[in-house]
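J.: Questions regarding the structure given below will be posed in turn.
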Amino acid sequence: MPVAVCSLKYESAHSGAQKITYDSDGYHLVRFPYATAEESYDPWKMHDPAAGGGTSKFPDARSGLIWPSHDGWGTLSALLFWAPDSRATEYRARFVRDPLTARYDSTATTDISATGGGQYRSYTWQMFVHPGTPVGFKISARTGDTKLAVPITLAEFKLAIQTDVIRP
């Protein structure tokens with residue numbers, strides 16, 4: 001079964017701290033460097049700074065996008081390490097189609113209570129993906145309705161596209 005893969009990695013120890021800023025939806029779009037220095041893998045150029053006809057530099061918002069190279073069944077996965085922060089009582093994450101446009105379409109939102117120490121989470125979701133419709137991974141740390149800029153120390157975001165979906 002043919003599979004096209006994009007695997008992105010961000011580590012604050014290598015790329016510096018990522019400034020956590022919240023969009024109007026109350027979530028931060030996680031950004032990823034364009035270099036392979038973070039152990040990223042992108043032979044299909046789904047995380048190319050010129051993808052979608054634009055230009056981008058890490059850490060601007062477009063550096064948080066994966067542009068699917070093929071139509072197919074996409075398996076999205078993400079890993080996130082939050083720094084310890086006693087103020088946050090809940091952590092949220094979601095996968096989003098077209099997160100930088102009015103066509104914003106979120107799916108698989110997860111809401112988890114804080115545990116002692118750092119917050120280490122992994123997420124998966126499956127859905128159809130299409131070239132021209134980027135996907136992103138958005139996060140939020142909160143106490144009630146108050147959004148907190150809790151630092152992230154590690155993030156990974158991956159898309160595996162099965163390109164030979166059988167149709168009846």
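Labels used: A, B, ... for chains in the order of the structure tokens, numbers from 1 for residues in each chain, and numbers from 1 for ligands as shown.
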Skipping near chain neighbours, those fewer than 3 positions away, what residues fall within 12 Å of Val5 of chain A using only C-alpha atoms, listed as a list of chain:residue names?
T.: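 In the requested form, the answer reads A:Pro2, A:Leu8, A:Ser40, A:Tyr41, A:Asp42, A:Pro43, A:Trp44, A:Lys45, A:Met46, A:His47, A:Ile66, A:Trp67, A:Pro68, A:Ser69, A:His70, A:Gly72, A:Trp73, A:Gly74, A:Thr75, A:Leu76, A:Ser77, A:Phe157, A:Lys158, A:Leu159, A:Ala160, A:Ile161, A:Gln162, A:Thr163.
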J.: Convert the current residue selection to file output with C-alpha atoms, as a PDB file, in the first residue's frame.
T.:
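Here's the written file out.pdb:
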ATOM      1  CA  PRO A   2       1.617   3.298  -1.053  1.00  0.00           C
ATOM      2  CA  LEU A   8       7.932  17.232  11.669  1.00  0.00           C
ATOM      3  CA  SER A  40      12.053  15.969  10.330  1.00  0.00           C
ATOM      4  CA  TYR A  41      11.261  13.853   7.247  1.00  0.00           C
ATOM      5  CA  ASP A  42       9.559  15.409   4.236  1.00  0.00           C
ATOM      6  CA  PRO A  43      10.458  13.866   0.855  1.00  0.00           C
ATOM      7  CA  TRP A  44       7.092  14.944  -0.643  1.00  0.00           C
ATOM      8  CA  LYS A  45       7.703  18.600   0.336  1.00  0.00           C
ATOM      9  CA  MET A  46       4.480  18.837   2.332  1.00  0.00           C
ATOM     10  CA  HIS A  47       6.196  21.265   4.755  1.00  0.00           C
ATOM     11  CA  ILE A  66       1.411  20.417   6.419  1.00  0.00           C
ATOM     12  CA  TRP A  67       0.155  20.599   2.812  1.00  0.00           C
ATOM     13  CA  PRO A  68      -0.988  17.087   1.776  1.00  0.00           C
ATOM     14  CA  SER A  69       0.756  15.954  -1.405  1.00  0.00           C
ATOM     15  CA  HIS A  70      -1.988  13.521  -2.428  1.00  0.00           C
ATOM     16  CA  GLY A  72      -6.119   9.969   0.410  1.00  0.00           C
ATOM     17  CA  TRP A  73      -6.853   8.655   3.849  1.00  0.00           C
ATOM     18  CA  GLY A  74      -4.661  10.629   6.251  1.00  0.00           C
ATOM     19  CA  THR A  75      -3.475   9.489   9.642  1.00  0.00           C
ATOM     20  CA  LEU A  76      -2.538  12.530  11.699  1.00  0.00           C
ATOM     21  CA  SER A  77      -0.485  12.125  14.837  1.00  0.00           C
ATOM     22  CA  PHE A 157       3.356  16.467  13.954  1.00  0.00           C
ATOM     23  CA  LYS A 158       2.996  13.732  11.358  1.00  0.00           C
ATOM     24  CA  LEU A 159       0.799  12.963   8.380  1.00  0.00           C
ATOM     25  CA  ALA A 160       0.759   9.582   6.635  1.00  0.00           C
ATOM     26  CA  ILE A 161      -1.433   9.480   3.517  1.00  0.00           C
ATOM     27  CA  GLN A 162      -2.676   6.144   2.167  1.00  0.00           C
ATOM     28  CA  THR A 163      -3.063   6.915  -1.504  1.00  0.00           C
TER      29      THR A 163
END
J.: Show which residues sit within 9 Å of segment 120-126 of chain A, as number ranges by chain. Count only C-alpha atoms, and ignore same-chain residues fewer than 4 positions away.
T.: A: 73-83, 93-95, 107-108, 110
J.: Here is a test: counting only C-alpha atoms, which residue of A:Ala149, A:Lys138, A:Tyr34, A:Pro131 is nearest to Asp105 of chain A?
T.: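 With only C-alpha atoms as the atom set, the closest residue is A:Lys138.
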J.: What is the distance between atom CA of Thr55 of chain A and atom CA of Leu100 of chain A, in Å to one decimal?
T.: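 Separating atom CA of Thr55 of chain A from atom CA of Leu100 of chain A is a distance of 14.1 Å.
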J.: In Å, how far is it from atom CA of Ser7 of chain A to atom CA of Gly116 of chain A?
T.: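 That distance, rounded to one decimal, is 29.2 Å.
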J.: List the neighbours of Ser86 of chain A out to 12 Å using only C-alpha atoms; skip same-chain residues closer than 5 positions along the sequence, and give me the result as a PyMOL selection string.
T.: chain A and resi 113-119+141-143+148+150
J.: Please produce a file of those selected residues containing N, CA, C and O atoms, as a PDB file, in the first residue's frame.
T.:
ATOM      1  N   SER A 113      -7.328  17.147  31.820  1.00  0.00           N
ATOM      2  CA  SER A 113      -6.941  17.818  33.060  1.00  0.00           C
ATOM      3  C   SER A 113      -5.441  17.699  33.280  1.00  0.00           C
ATOM      4  O   SER A 113      -4.811  16.726  32.861  1.00  0.00           O
ATOM      5  N   ALA A 114      -4.893  18.678  33.977  1.00  0.00           N
ATOM      6  CA  ALA A 114      -3.467  18.659  34.293  1.00  0.00           C
ATOM      7  C   ALA A 114      -3.151  17.529  35.269  1.00  0.00           C
ATOM      8  O   ALA A 114      -3.979  17.156  36.097  1.00  0.00           O
ATOM      9  N   THR A 115      -1.948  16.992  35.141  1.00  0.00           N
ATOM     10  CA  THR A 115      -1.420  16.024  36.100  1.00  0.00           C
ATOM     11  C   THR A 115      -0.210  16.660  36.765  1.00  0.00           C
ATOM     12  O   THR A 115       0.240  17.731  36.355  1.00  0.00           O
ATOM     13  N   GLY A 116       0.363  16.043  37.792  1.00  0.00           N
ATOM     14  CA  GLY A 116       1.546  16.594  38.457  1.00  0.00           C
ATOM     15  C   GLY A 116       2.743  16.610  37.517  1.00  0.00           C
ATOM     16  O   GLY A 116       2.937  15.704  36.723  1.00  0.00           O
ATOM     17  N   GLY A 117       3.559  17.656  37.580  1.00  0.00           N
ATOM     18  CA  GLY A 117       4.773  17.751  36.764  1.00  0.00           C
ATOM     19  C   GLY A 117       4.484  18.225  35.361  1.00  0.00           C
ATOM     20  O   GLY A 117       3.527  18.947  35.106  1.00  0.00           O
ATOM     21  N   GLY A 118       5.326  17.802  34.416  1.00  0.00           N
ATOM     22  CA  GLY A 118       5.148  18.169  33.014  1.00  0.00           C
ATOM     23  C   GLY A 118       3.952  17.442  32.422  1.00  0.00           C
ATOM     24  O   GLY A 118       3.493  16.425  32.942  1.00  0.00           O
ATOM     25  N   GLN A 119       3.459  17.966  31.325  1.00  0.00           N
ATOM     26  CA  GLN A 119       2.303  17.375  30.641  1.00  0.00           C
ATOM     27  C   GLN A 119       2.806  16.771  29.328  1.00  0.00           C
ATOM     28  O   GLN A 119       3.295  17.500  28.470  1.00  0.00           O
ATOM     29  N   ALA A 141      -3.472  25.924  26.689  1.00  0.00           N
ATOM     30  CA  ALA A 141      -3.377  25.635  28.126  1.00  0.00           C
ATOM     31  C   ALA A 141      -4.224  26.681  28.831  1.00  0.00           C
ATOM     32  O   ALA A 141      -4.153  27.865  28.502  1.00  0.00           O
ATOM     33  N   ARG A 142      -5.027  26.242  29.824  1.00  0.00           N
ATOM     34  CA  ARG A 142      -6.006  27.153  30.418  1.00  0.00           C
ATOM     35  C   ARG A 142      -6.196  26.908  31.905  1.00  0.00           C
ATOM     36  O   ARG A 142      -5.951  25.823  32.410  1.00  0.00           O
ATOM     37  N   THR A 143      -6.718  27.926  32.530  1.00  0.00           N
ATOM     38  CA  THR A 143      -7.351  27.840  33.841  1.00  0.00           C
ATOM     39  C   THR A 143      -8.691  28.505  33.650  1.00  0.00           C
ATOM     40  O   THR A 143      -8.760  29.717  33.441  1.00  0.00           O
ATOM     41  N   LEU A 148      -3.280  30.462  28.941  1.00  0.00           N
ATOM     42  CA  LEU A 148      -1.947  30.664  29.504  1.00  0.00           C
ATOM     43  C   LEU A 148      -0.876  30.336  28.467  1.00  0.00           C
ATOM     44  O   LEU A 148      -1.011  29.369  27.723  1.00  0.00           O
ATOM     45  N   VAL A 150       1.815  28.644  28.381  1.00  0.00           N
ATOM     46  CA  VAL A 150       2.680  27.601  28.947  1.00  0.00           C
ATOM     47  C   VAL A 150       3.655  27.146  27.858  1.00  0.00           C
ATOM     48  O   VAL A 150       3.237  26.755  26.765  1.00  0.00           O
TER      49      VAL A 150
END
J.: Taking the backbone alone, and naming residues the way the document does, which bits of chain A are strand (DSSP E or B) by DSSP, as number ranges by chain?
T.: A: 3-11, 28-29, 41, 66, 72-82, 90-97, 105-113, 119-129, 135-143, 146-148, 152-162
J.: Between A:Tyr10, A:Gly26, A:Ala102, A:His130, which residue has the minimum interatomic distance to Ser63 of chain A, considering only C-alpha atoms?
T.: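 Smallest separation from Ser63 of chain A among the options: A:Tyr10.
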